[in-house]
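Undergrad: Sharing a structure with you now.
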Amino acid sequence: MQIKDVLLAPGNGAFFYDDQEAIKSGAIQDGFVYVGAPATPGFESIRIPAGSLGVGLVLIDDTVVWGDMMNVQYSGAGGRDPVFDINEISSLTSRVVAPRLLDVDASRFRGSCTDVLESLERRLPLAVEYGVSQALLRAAAHLQRKTMAEIICTEFGLVLPTRG
């Protein structure tokens, strides 16, 4: 197929993950940090640095396209996924997602997303779904020599905008 390899690159997020439950319960902000114990599982303190994981797809022409996996600021609150653990997400992506990526036709965006992200025992964390679909969109655009907007419009039967 068109994907030769899958790369994973840990990184930092642009902000922090905040324990919304602890903040709602009255945690006091002291400068940039919050004083007190976290209330949501996965938090070591009320505010922790955000992590990210880049997923790179090495295509048949050696081009590498990337997607970004990370979570939202208030992880674990209001039905959101738990705190983004880089090691856990990296392991899951290596074991479950990477082998599926190597078997798809990356020129078909929607089909690739379906093949990689669906028909699993349970749904993948949203950060993984977002980052992988982002990389697959870039791969389809590259392989078809189109923009990502053109890919979306074509595959979803939308009219391509002609002005901004």
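Ligands are numbered from 1 in the order shown, residues from 1 within each chain, and chains are lettered A, B, ... in the order they appear in the structure tokens.
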Skipping near chain neighbours, those fewer than 2 positions away, what residues fall within 9 Å of Arg100 in chain A using only C-alpha atoms, listed as a list in words?
TA: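 Near Arg100 in chain A, the qualifying residues are Val96, Val97, Ala98, Leu102, Asp103, Val104, Asp115, Val116 and Leu117 of chain A.
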Undergrad: Apply DSSP to the structure's backbone, then extract all residues of range 67-135 of chain A labelled alpha helix (DSSP H) and return them as a short mmCIF file (atom, residue, chain, number, x, y, z; two decimals) with all heavy atoms, in the first residue's frame.
TA:
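What follows is the written file states_22.cif:
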data_model
loop_
_atom_site.label_atom_id
_atom_site.label_comp_id
_atom_site.auth_asym_id
_atom_site.auth_seq_id
_atom_site.Cartn_x
_atom_site.Cartn_y
_atom_site.Cartn_z
N ILE A 86 1.10 10.07 27.29
CA ILE A 86 1.89 9.83 26.07
C ILE A 86 2.31 8.37 25.94
O ILE A 86 2.20 7.77 24.87
CB ILE A 86 3.12 10.76 26.01
CG1 ILE A 86 2.67 12.20 25.79
CG2 ILE A 86 4.06 10.34 24.88
CD1 ILE A 86 3.78 13.22 25.86
N ASN A 87 2.78 7.77 27.04
CA ASN A 87 3.24 6.38 26.96
C ASN A 87 2.10 5.43 26.63
O ASN A 87 2.25 4.52 25.81
CB ASN A 87 3.91 5.97 28.27
CG ASN A 87 5.19 6.73 28.51
OD1 ASN A 87 5.92 7.07 27.58
ND2 ASN A 87 5.48 7.04 29.76
N GLU A 88 0.95 5.64 27.25
CA GLU A 88 -0.21 4.79 26.99
C GLU A 88 -0.71 4.95 25.55
O GLU A 88 -0.98 3.97 24.86
CB GLU A 88 -1.33 5.16 27.97
CG GLU A 88 -2.57 4.32 27.86
CD GLU A 88 -3.63 4.75 28.85
OE1 GLU A 88 -3.31 4.90 30.04
OE2 GLU A 88 -4.77 4.96 28.42
N ILE A 89 -0.80 6.19 25.08
CA ILE A 89 -1.28 6.45 23.72
C ILE A 89 -0.28 5.93 22.69
O ILE A 89 -0.67 5.36 21.66
CB ILE A 89 -1.55 7.96 23.52
CG1 ILE A 89 -2.68 8.43 24.43
CG2 ILE A 89 -1.85 8.28 22.06
CD1 ILE A 89 -4.05 7.79 24.17
N SER A 90 1.00 6.08 22.97
CA SER A 90 2.04 5.58 22.06
C SER A 90 1.96 4.06 21.94
O SER A 90 2.02 3.50 20.84
CB SER A 90 3.42 6.01 22.56
OG SER A 90 4.41 5.56 21.68
N SER A 91 1.80 3.39 23.07
CA SER A 91 1.69 1.93 23.07
C SER A 91 0.45 1.47 22.31
O SER A 91 0.52 0.56 21.46
CB SER A 91 1.65 1.41 24.51
OG SER A 91 1.41 0.02 24.52
N LEU A 92 -0.68 2.10 22.58
CA LEU A 92 -1.92 1.76 21.89
C LEU A 92 -1.79 1.98 20.38
O LEU A 92 -2.19 1.13 19.58
CB LEU A 92 -3.08 2.60 22.45
CG LEU A 92 -4.42 2.45 21.75
CD1 LEU A 92 -5.01 1.07 22.02
CD2 LEU A 92 -5.37 3.53 22.21
N ALA A 98 -1.05 1.27 14.15
CA ALA A 98 0.01 1.21 13.14
C ALA A 98 -0.14 0.03 12.18
O ALA A 98 -0.04 0.21 10.95
CB ALA A 98 1.38 1.21 13.80
N PRO A 99 -0.40 -1.20 12.66
CA PRO A 99 -0.56 -2.31 11.71
C PRO A 99 -1.71 -2.09 10.73
O PRO A 99 -1.62 -2.46 9.56
CB PRO A 99 -0.84 -3.52 12.61
CG PRO A 99 -0.28 -3.15 13.94
CD PRO A 99 -0.45 -1.65 14.06
N ARG A 100 -2.78 -1.45 11.18
CA ARG A 100 -3.92 -1.17 10.31
C ARG A 100 -3.55 -0.10 9.27
O ARG A 100 -4.00 -0.17 8.13
CB ARG A 100 -5.11 -0.69 11.13
CG ARG A 100 -5.72 -1.79 11.97
CD ARG A 100 -6.77 -1.25 12.95
NE ARG A 100 -7.64 -2.31 13.34
CZ ARG A 100 -8.93 -2.41 13.04
NH1 ARG A 100 -9.53 -1.46 12.36
NH2 ARG A 100 -9.64 -3.44 13.42
N LEU A 101 -2.74 0.87 9.67
CA LEU A 101 -2.34 1.93 8.75
C LEU A 101 -1.52 1.38 7.58
O LEU A 101 -1.63 1.86 6.45
CB LEU A 101 -1.53 3.01 9.48
CG LEU A 101 -2.33 3.96 10.35
CD1 LEU A 101 -1.42 4.73 11.30
CD2 LEU A 101 -3.14 4.91 9.49
N PHE A 109 -9.45 8.81 1.68
CA PHE A 109 -9.51 9.34 3.04
C PHE A 109 -10.57 8.66 3.90
O PHE A 109 -10.26 8.09 4.94
CB PHE A 109 -9.73 10.87 3.02
CG PHE A 109 -10.04 11.44 4.36
CD1 PHE A 109 -9.12 11.36 5.39
CD2 PHE A 109 -11.26 12.07 4.61
CE1 PHE A 109 -9.41 11.88 6.65
CE2 PHE A 109 -11.55 12.60 5.85
CZ PHE A 109 -10.62 12.50 6.87
N ARG A 110 -11.81 8.72 3.49
CA ARG A 110 -12.89 8.15 4.31
C ARG A 110 -12.74 6.65 4.47
O ARG A 110 -12.94 6.11 5.56
CB ARG A 110 -14.26 8.48 3.72
CG ARG A 110 -14.63 9.94 3.89
CD ARG A 110 -15.98 10.26 3.30
NE ARG A 110 -17.07 9.70 4.11
CZ ARG A 110 -18.34 9.79 3.78
NH1 ARG A 110 -18.71 10.40 2.66
NH2 ARG A 110 -19.26 9.27 4.55
N GLY A 111 -12.40 5.97 3.40
CA GLY A 111 -12.22 4.52 3.48
C GLY A 111 -11.09 4.14 4.41
O GLY A 111 -11.20 3.19 5.18
N SER A 112 -10.00 4.89 4.35
CA SER A 112 -8.86 4.63 5.24
C SER A 112 -9.24 4.84 6.70
O SER A 112 -8.90 4.04 7.57
CB SER A 112 -7.68 5.53 4.89
OG SER A 112 -7.18 5.21 3.62
N CYS A 113 -9.96 5.94 6.96
CA CYS A 113 -10.40 6.21 8.34
C CYS A 113 -11.28 5.08 8.85
O CYS A 113 -11.11 4.62 9.98
CB CYS A 113 -11.15 7.54 8.41
SG CYS A 113 -10.08 8.99 8.28
N THR A 114 -12.20 4.63 8.03
CA THR A 114 -13.08 3.53 8.42
C THR A 114 -12.27 2.27 8.70
O THR A 114 -12.45 1.62 9.73
CB THR A 114 -14.12 3.25 7.32
OG1 THR A 114 -14.92 4.42 7.15
CG2 THR A 114 -15.01 2.07 7.67
N ASP A 115 -11.36 1.93 7.80
CA ASP A 115 -10.56 0.72 7.96
C ASP A 115 -9.68 0.75 9.20
O ASP A 115 -9.49 -0.27 9.86
CB ASP A 115 -9.68 0.49 6.73
CG ASP A 115 -10.49 0.16 5.48
OD1 ASP A 115 -11.68 -0.17 5.59
OD2 ASP A 115 -9.91 0.25 4.37
N VAL A 116 -9.13 1.91 9.52
CA VAL A 116 -8.19 2.01 10.63
C VAL A 116 -8.89 2.23 11.96
O VAL A 116 -8.51 1.64 12.97
CB VAL A 116 -7.17 3.15 10.38
CG1 VAL A 116 -6.30 3.39 11.60
CG2 VAL A 116 -6.31 2.84 9.16
N LEU A 117 -9.92 3.05 11.98
CA LEU A 117 -10.49 3.52 13.25
C LEU A 117 -11.75 2.79 13.70
O LEU A 117 -12.15 2.91 14.85
CB LEU A 117 -10.77 5.01 13.16
CG LEU A 117 -9.55 5.88 12.83
CD1 LEU A 117 -9.97 7.33 12.62
CD2 LEU A 117 -8.49 5.76 13.91
N LEU A 126 -10.32 9.79 21.55
CA LEU A 126 -10.58 10.79 20.52
C LEU A 126 -9.30 11.44 20.01
O LEU A 126 -9.20 11.79 18.83
CB LEU A 126 -11.54 11.85 21.05
CG LEU A 126 -12.96 11.35 21.31
CD1 LEU A 126 -13.83 12.46 21.88
CD2 LEU A 126 -13.59 10.78 20.06
N ALA A 127 -8.30 11.61 20.87
CA ALA A 127 -7.04 12.19 20.44
C ALA A 127 -6.40 11.33 19.35
O ALA A 127 -5.84 11.86 18.38
CB ALA A 127 -6.08 12.33 21.63
N VAL A 128 -6.48 10.02 19.48
CA VAL A 128 -5.93 9.11 18.48
C VAL A 128 -6.73 9.22 17.18
O VAL A 128 -6.16 9.34 16.10
CB VAL A 128 -5.90 7.66 19.00
CG1 VAL A 128 -5.46 6.69 17.89
CG2 VAL A 128 -5.00 7.53 20.22
N GLU A 129 -8.05 9.20 17.31
CA GLU A 129 -8.90 9.30 16.12
C GLU A 129 -8.62 10.60 15.37
O GLU A 129 -8.52 10.62 14.14
CB GLU A 129 -10.37 9.22 16.50
CG GLU A 129 -10.78 7.83 16.96
CD GLU A 129 -12.26 7.72 17.26
OE1 GLU A 129 -13.01 8.71 17.07
OE2 GLU A 129 -12.68 6.63 17.68
N TYR A 130 -8.51 11.69 16.10
CA TYR A 130 -8.27 12.99 15.47
C TYR A 130 -6.90 13.02 14.78
O TYR A 130 -6.78 13.38 13.62
CB TYR A 130 -8.37 14.13 16.48
CG TYR A 130 -8.11 15.46 15.84
CD1 TYR A 130 -9.07 16.09 15.07
CD2 TYR A 130 -6.86 16.08 15.97
CE1 TYR A 130 -8.82 17.30 14.44
CE2 TYR A 130 -6.60 17.29 15.36
CZ TYR A 130 -7.58 17.90 14.60
OH TYR A 130 -7.32 19.08 13.97
N GLY A 131 -5.85 12.63 15.49
CA GLY A 131 -4.50 12.69 14.93
C GLY A 131 -4.32 11.77 13.73
O GLY A 131 -3.72 12.16 12.72
N VAL A 132 -4.85 10.56 13.83
CA VAL A 132 -4.72 9.61 12.72
C VAL A 132 -5.53 10.08 11.51
O VAL A 132 -5.05 10.03 10.38
CB VAL A 132 -5.14 8.19 13.17
CG1 VAL A 132 -5.29 7.25 11.99
CG2 VAL A 132 -4.14 7.64 14.18
N SER A 133 -6.76 10.57 11.75
CA SER A 133 -7.56 11.05 10.61
C SER A 133 -6.91 12.28 9.96
O SER A 133 -6.95 12.44 8.74
CB SER A 133 -9.00 11.35 11.03
OG SER A 133 -9.07 12.41 11.94
N GLN A 134 -6.27 13.11 10.77
CA GLN A 134 -5.56 14.28 10.24
C GLN A 134 -4.42 13.83 9.33
O GLN A 134 -4.24 14.36 8.22
CB GLN A 134 -5.04 15.11 11.42
CG GLN A 134 -4.44 16.44 11.08
CD GLN A 134 -3.92 17.12 12.35
OE1 GLN A 134 -3.07 16.58 13.04
NE2 GLN A 134 -4.45 18.31 12.63
N ALA A 135 -3.65 12.86 9.77
CA ALA A 135 -2.54 12.35 8.96
C ALA A 135 -3.06 11.67 7.69
O ALA A 135 -2.49 11.83 6.61
CB ALA A 135 -1.69 11.38 9.77
#
Undergrad: Using CA of Met70 in chain A and CA of Pro49 in chain A as the two end points, give the distance in Å to one decimal.
TA: 11.5 Å
Undergrad: Quick check, in Å to one decimal: how far apart do CA of Lys146 in chain A and CA of Gln2 in chain A lie?
TA: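 Interatomic distance here is 16.1 Å.
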Undergrad: Taking only C-alpha atoms into account, name the residue in A:Asp19, A:Asp105, A:Asp5, A:Asp85 that is nearest to Gln144 in chain A.
TA: A:Asp105
Undergrad: Could you check the closest approach to Ala9 in chain A for each of A:Pro38, A:Gly26, A:Gly157, A:Gly67 and tell me which residue wins, using only C-alpha atoms?
TA: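 Once distances to Ala9 in chain A are computed over only C-alpha atoms, the minimum belongs to A:Gly67.
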Undergrad: Counting only C-alpha atoms, which of A:Leu136, A:Ile3, A:Thr162, A:Pro10 gets nearest to Asp61 in chain A?
TA: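 Checking each candidate against Asp61 in chain A, we get A:Ile3 as the closest.
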Undergrad: If you run DSSP on this backbone, which residues of chain A come out as strand (DSSP E), and could you give them as a PyMOL selection string?
TA: chain A and resi 3-18+28-30+33-35+47-59+64-69
Undergrad: Between A:Val83, A:Val58, A:Val35, A:Leu158, which is the closest to His142 in chain A once you count only C-alpha atoms?
TA: A:Val58
